[in-house]
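Asks: First, the structure itself, so that you have it in front of you.
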Amino acid sequence: MRLPSTGLSVAHPPHPARATSFAVAETVRELQPYQAVSSLEQIGARPDQVPHKLDWNEATVPPSPRVIEAISAFLTNTHHLNWYPVLNSTNLIERLARHWDVEGDRLLITNGSDQALDTICATYLNPDDPVLVPSPTYTHFLVFAQTRGARIVPFYGADPFQPAFDALLEAATRVRPKLLYLVNPNNPTGVMYTPDEVAALLAAVPETLVIVDEAYSEFAGSTCIGLLHTYSNLVVTRTFSKAYGIAGLRIGYALAHPEVVRDMRRVFNPKSVNVLAQIGAMAALDDQAWLRWYLDEVAASKRALREWFEARGIVLHLTPANYYMAKFDRAPWVAQTLAEHGVYVRDRSGQRNLDGYLRFTIGTLEQTRQVTDILGSVLDRLR
Ligand SMILES: Cc1ncc(COP(=O)(O)O)c(C=O)c1O
């Protein structure tokens, strides 16, 4: 291999014949690598097909054109890719503080909201700390908590698609967890608790840090951010990956009491968020008209979906977020056949109480019509 600037050659050492003898951390020993099942590779292999990528709850359309313009302008005119980004994304903190009418010291901007969740776990969890997790839910959080040796205490309501507030309150007061991870609305079931219910939880377990993951909150039109002024044991996490359509840039944030944010900064790397993500997020935030348009499209799709599924007598759970769950007799076959036609969905059958359910991301009305046409023809083959 030749190094471009020096012309020097470096010899690659041969791969060792044996695996290394490094012992992974005890807290990691039980974990398996995340089974990534994104459809991107399949989509790349079928350039002849118009894909419907409905498996990861991303936006189904490109973001506001302002995002592309802002990033292009930066790359064309400024081009300081050789410099680290603005540390701690203070530029975006200012914008978001105005957007939410909160003080800037309540905000931590992160590399996807995943990093916010990881940072909370790194900051607060000791081995064996109990972490209460209403389930089934977004599983990657469990990795962050388990890596710190925490003890996951799953909470299952009687019906996975219905809130179970009293039982959850009872579990929280009984377990007294160090963290409670509440995805609101929940992925994949859509279960959602009102800000009043979340306030009651916060009041009942003041020594528990309650994470309210609002990854899909824009679609639901409800947020617990207002509770931050009353409760210091609340962290809200949010993302630009879903409604704002910039999942590829990886940017999200946490809102919390200033002392919680200060604690999180003890472990947070201030250059985690890349410059293009910072610029893209600011441009996305500036185009609320685009956001409104996309939310309206998803809402219109939900109305069409309700009619379509009702007419066919298929069990459907529309969620307050940008996805629905539908139940099929041969769910894996349906998912695979849809994929052959360019519609990629997520089989959630493996999760407890979700046997036979596929999760579909919801896009624009036109996309929804295309998808239901394809789904209709696939289901006709089942008869
Ligand atoms: C509930 C929930 N939280 C967090 C994330 C991760 O989001 P981000 O792209 O901001 O890391 C996802 C992604 O699917 C999610 O469903």
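Here's how to read the names in the structure tokens: chain A, B, ... by the order shown, residue numbers from 1 in each chain, ligand numbers from 1 in the order shown.
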Excluding Ser301 (chain A) and any residue of its chain fewer than 4 positions from it, enumerate the residues within 12 Å of it, using only C-alpha atoms, and give them as a tab-separated table (two decimals) with C-alpha atoms, in the first residue's frame.
Replies:
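Dumped everything to part_6.tsv:
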chain	number	residue	atom	x	y	z
A	294	TYR	CA	-44.94	15.90	5.98
A	295	LEU	CA	-46.96	15.43	9.18
A	296	ASP	CA	-50.16	16.19	7.23
A	297	GLU	CA	-49.23	13.61	4.58
A	305	LEU	CA	-54.99	2.95	5.81
A	306	ARG	CA	-57.82	2.66	8.32
A	307	GLU	CA	-60.32	2.37	5.47
A	308	TRP	CA	-58.19	-0.04	3.47
A	318	LEU	CA	-52.42	2.58	13.77
A	321	ALA	CA	-46.29	7.76	15.38
A	322	ASN	CA	-45.33	7.17	11.73
A	323	TYR	CA	-45.87	3.41	11.67
A	324	TYR	CA	-48.58	0.84	12.04
A	360	PHE	CA	-44.86	-0.65	8.35
A	361	THR	CA	-43.52	2.91	8.30
A	362	ILE	CA	-46.12	5.38	7.05
A	363	GLY	CA	-45.19	7.82	4.29
A	364	THR	CA	-47.03	10.21	2.01
A	365	LEU	CA	-50.55	9.51	0.77
A	366	GLU	CA	-49.30	8.70	-2.71
A	367	GLN	CA	-46.71	6.27	-1.34
A	368	THR	CA	-49.34	4.69	0.88
A	369	ARG	CA	-51.59	4.08	-2.12
A	370	GLN	CA	-48.71	2.41	-3.97
A	371	VAL	CA	-47.88	0.24	-0.95
A	372	THR	CA	-51.46	-0.87	-0.32
Asks: Distance limit 6 Å, reference ligand 1, atoms considered: only C-alpha atoms and all ligand atoms. Which residues make the cut? Give them as a PDB file with C-alpha atoms, in the first residue's frame.
Replies:
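Saved file part_8.pdb follows:
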ATOM      1  CA  TRP A  56     -36.787   1.586  10.129  1.00  0.00           C
ATOM      2  CA  GLY A 112     -28.491  10.611  17.100  1.00  0.00           C
ATOM      3  CA  SER A 113     -30.734  10.302  20.126  1.00  0.00           C
ATOM      4  CA  ASP A 114     -29.040   6.910  20.541  1.00  0.00           C
ATOM      5  CA  TYR A 138     -36.894  -0.044  21.191  1.00  0.00           C
ATOM      6  CA  VAL A 183     -40.705   5.412  24.717  1.00  0.00           C
ATOM      7  CA  ASN A 187     -41.995   1.718  19.197  1.00  0.00           C
ATOM      8  CA  ASP A 213     -37.943   8.927  24.476  1.00  0.00           C
ATOM      9  CA  ALA A 215     -38.326   9.964  18.853  1.00  0.00           C
ATOM     10  CA  THR A 239     -34.265  13.118  17.186  1.00  0.00           C
ATOM     11  CA  SER A 241     -34.007  11.115  12.263  1.00  0.00           C
ATOM     12  CA  ALA A 247     -31.532   9.959   9.792  1.00  0.00           C
ATOM     13  CA  ARG A 250     -27.228  11.198  12.854  1.00  0.00           C
ATOM     14  CA  ILE A 251     -28.319  13.978  15.170  1.00  0.00           C
ATOM     15  CA  GLY A 252     -30.604  14.131  18.168  1.00  0.00           C
TER      16      GLY A 252
END
Asks: Among region 27-147 of chain A, which residues carry a DSSP assignment of strand (DSSP E or B), reported as a PyMOL selection string?
Replies: chain A and resi 52-53+107-110+130-135
Asks: Give me the residues within 9 Å of region 47-50 of chain A as a PDB file with C-alpha atoms, in the first residue's frame, counting only C-alpha atoms and dropping any in the same chain fewer than 5 places off.
Replies:
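What ended up in selection_3.pdb:
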ATOM      1  CA  HIS A 341     -41.831  -6.273  -4.778  1.00  0.00           C
ATOM      2  CA  GLY A 342     -39.671  -3.527  -3.284  1.00  0.00           C
ATOM      3  CA  VAL A 343     -41.668  -2.983  -0.067  1.00  0.00           C
TER       4      VAL A 343
END
Asks: Enter the distance from CA of Phe155 (chain A) to CA of Thr194 (chain A), in Å, rounded to one decimal.
Replies: 18.1 Å
Asks: Let me make sure I understand: among A:Glu340, A:Thr208, A:Ala256, A:Pro130, which one has the smallest atom-to-atom distance to Asp105 (chain A) if we use only C-alpha atoms?
Replies: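 The answer is A:Ala256, which sits nearest to Asp105 (chain A).
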Asks: Using only C-alpha atoms, which of A:Ser217, A:Asn111, A:Gln351, A:Thr337 sits nearest Leu379 (chain A)?
Replies: A:Thr337
Asks: Restricting the calculation to only C-alpha atoms, which member of A:Lys302, A:Arg95, A:Arg312, A:Lys271 is positioned closest to Leu107 (chain A)?
Replies: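 Nearest candidate to Leu107 (chain A) out of A:Lys302, A:Arg95, A:Arg312, A:Lys271: A:Arg95.
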Asks: Neighbours of Gly157 (chain A) within 10 Å (only C-alpha atoms; same-chain residues fewer than 6 positions away dropped), as a PDB file with N, CA and C atoms, in the first residue's frame?
Replies:
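The new file selection14.pdb reads:
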ATOM      1  N   PRO A 134     -40.848  -0.470  30.154  1.00  0.00           N
ATOM      2  CA  PRO A 134     -42.105  -0.914  29.549  1.00  0.00           C
ATOM      3  C   PRO A 134     -41.813  -1.549  28.189  1.00  0.00           C
ATOM      4  N   SER A 135     -42.328  -2.778  27.994  1.00  0.00           N
ATOM      5  CA  SER A 135     -41.908  -3.600  26.859  1.00  0.00           C
ATOM      6  C   SER A 135     -43.126  -4.193  26.145  1.00  0.00           C
ATOM      7  N   PRO A 136     -42.967  -4.680  24.905  1.00  0.00           N
ATOM      8  CA  PRO A 136     -41.776  -4.586  24.065  1.00  0.00           C
ATOM      9  C   PRO A 136     -41.533  -3.148  23.623  1.00  0.00           C
ATOM     10  N   PRO A 163     -52.241   1.295  26.861  1.00  0.00           N
ATOM     11  CA  PRO A 163     -51.501   1.794  28.028  1.00  0.00           C
ATOM     12  C   PRO A 163     -51.948   1.040  29.281  1.00  0.00           C
ATOM     13  N   ALA A 164     -51.058   0.944  30.242  1.00  0.00           N
ATOM     14  CA  ALA A 164     -51.409   0.252  31.499  1.00  0.00           C
ATOM     15  C   ALA A 164     -50.866   1.124  32.627  1.00  0.00           C
ATOM     16  N   PHE A 165     -51.448   2.315  32.735  1.00  0.00           N
ATOM     17  CA  PHE A 165     -50.854   3.315  33.617  1.00  0.00           C
ATOM     18  C   PHE A 165     -50.779   2.855  35.073  1.00  0.00           C
ATOM     19  N   ASP A 166     -51.905   2.351  35.610  1.00  0.00           N
ATOM     20  CA  ASP A 166     -51.906   1.983  37.036  1.00  0.00           C
ATOM     21  C   ASP A 166     -50.862   0.907  37.331  1.00  0.00           C
ATOM     22  N   ALA A 167     -50.805  -0.096  36.430  1.00  0.00           N
ATOM     23  CA  ALA A 167     -49.849  -1.194  36.644  1.00  0.00           C
ATOM     24  C   ALA A 167     -48.409  -0.676  36.524  1.00  0.00           C
ATOM     25  N   LEU A 168     -48.191   0.258  35.606  1.00  0.00           N
ATOM     26  CA  LEU A 168     -46.848   0.816  35.443  1.00  0.00           C
ATOM     27  C   LEU A 168     -46.443   1.622  36.682  1.00  0.00           C
TER      28      LEU A 168
END
Asks: Compare A:Val315, A:Ile374, A:Ala97, A:Leu182 by their minimum atom-to-atom distance to Gly356 (chain A), counting only C-alpha atoms, and give me the closest one.
Replies: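 Residue with the minimum atom-to-atom distance to Gly356 (chain A): A:Val315.
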Asks: Could you check which of A:Pro127, A:Pro160, A:Pro206, A:Pro320 is closest to Glu218 (chain A), using only C-alpha atoms?
Replies: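 Of A:Pro127, A:Pro160, A:Pro206, A:Pro320, the one nearest Glu218 (chain A) is A:Pro320, counting only C-alpha atoms.
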Asks: Which polymer residues have any atom within 12 Å of an atom of Asn91 (chain A), counting only C-alpha atoms, with same-chain residues fewer than 2 positions away left out, as a ChimeraX atom specification?
Replies: /A:85-89,93-98,104,107-109,273,275,277-283
Asks: Using only C-alpha atoms for the distances, tell me which of A:Arg292, A:Arg176, A:Lys327, A:His52 is nearest to Leu40 (chain A).
Replies: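 Between A:Arg292, A:Arg176, A:Lys327, A:His52, the residue approaching Leu40 (chain A) most closely is A:His52.
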Asks: Any idea what the distance is between CA of Gln288 (chain A) and CA of Glu58 (chain A)?
Replies: 17.8 Å
Asks: To one decimal place in Å, what is the distance between CA of Asp347 (chain A) and CA of Leu54 (chain A)?
Replies: 11.0 Å
Asks: Apply DSSP to the structure's backbone, then extract all residues of region 35-138 of chain A labelled alpha helix (DSSP H) and return them as a ChimeraX atom specification.
Replies: /A:40-45,65-73,90-100,112-124
Asks: Residues as selected, C-alpha atoms, written as a PDB file, in the first residue's frame, can you do that?
Replies:
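See out34.pdb below for the written result:
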ATOM      1  CA  LEU A  40     -30.349  -0.924   2.165  1.00  0.00           C
ATOM      2  CA  GLU A  41     -28.338  -3.727   0.591  1.00  0.00           C
ATOM      3  CA  GLN A  42     -31.397  -5.330  -0.970  1.00  0.00           C
ATOM      4  CA  ILE A  43     -32.492  -1.946  -2.289  1.00  0.00           C
ATOM      5  CA  GLY A  44     -29.037  -1.366  -3.795  1.00  0.00           C
ATOM      6  CA  ALA A  45     -29.236  -4.726  -5.559  1.00  0.00           C
ATOM      7  CA  PRO A  65     -34.689  21.301   0.366  1.00  0.00           C
ATOM      8  CA  ARG A  66     -33.215  23.863   2.769  1.00  0.00           C
ATOM      9  CA  VAL A  67     -31.177  21.075   4.343  1.00  0.00           C
ATOM     10  CA  ILE A  68     -29.566  20.177   1.025  1.00  0.00           C
ATOM     11  CA  GLU A  69     -29.031  23.860   0.177  1.00  0.00           C
ATOM     12  CA  ALA A  70     -27.370  24.615   3.524  1.00  0.00           C
ATOM     13  CA  ILE A  71     -25.068  21.609   3.348  1.00  0.00           C
ATOM     14  CA  SER A  72     -24.213  22.279  -0.321  1.00  0.00           C
ATOM     15  CA  ALA A  73     -23.450  25.928   0.471  1.00  0.00           C
ATOM     16  CA  THR A  90     -23.645  25.467  20.699  1.00  0.00           C
ATOM     17  CA  ASN A  91     -25.027  26.938  17.443  1.00  0.00           C
ATOM     18  CA  LEU A  92     -27.874  24.407  17.442  1.00  0.00           C
ATOM     19  CA  ILE A  93     -28.382  24.678  21.198  1.00  0.00           C
ATOM     20  CA  GLU A  94     -29.231  28.361  20.713  1.00  0.00           C
ATOM     21  CA  ARG A  95     -31.785  27.534  18.002  1.00  0.00           C
ATOM     22  CA  LEU A  96     -33.373  24.701  19.945  1.00  0.00           C
ATOM     23  CA  ALA A  97     -33.526  26.737  23.134  1.00  0.00           C
ATOM     24  CA  ARG A  98     -35.567  29.332  21.224  1.00  0.00           C
ATOM     25  CA  HIS A  99     -37.660  26.641  19.549  1.00  0.00           C
ATOM     26  CA  TRP A 100     -38.657  25.018  22.852  1.00  0.00           C
ATOM     27  CA  GLY A 112     -28.491  10.611  17.100  1.00  0.00           C
ATOM     28  CA  SER A 113     -30.734  10.302  20.126  1.00  0.00           C
ATOM     29  CA  ASP A 114     -29.040   6.910  20.541  1.00  0.00           C
ATOM     30  CA  GLN A 115     -25.995   8.722  21.870  1.00  0.00           C
ATOM     31  CA  ALA A 116     -28.186  10.628  24.319  1.00  0.00           C
ATOM     32  CA  LEU A 117     -29.534   7.301  25.638  1.00  0.00           C
ATOM     33  CA  ASP A 118     -26.028   5.850  25.831  1.00  0.00           C
ATOM     34  CA  THR A 119     -24.738   8.925  27.632  1.00  0.00           C
ATOM     35  CA  ILE A 120     -27.527   8.759  30.215  1.00  0.00           C
ATOM     36  CA  CYS A 121     -26.636   5.122  30.907  1.00  0.00           C
ATOM     37  CA  ALA A 122     -22.906   5.886  31.083  1.00  0.00           C
ATOM     38  CA  THR A 123     -23.524   8.780  33.460  1.00  0.00           C
ATOM     39  CA  TYR A 124     -25.906   7.191  35.931  1.00  0.00           C
TER      40      TYR A 124
END
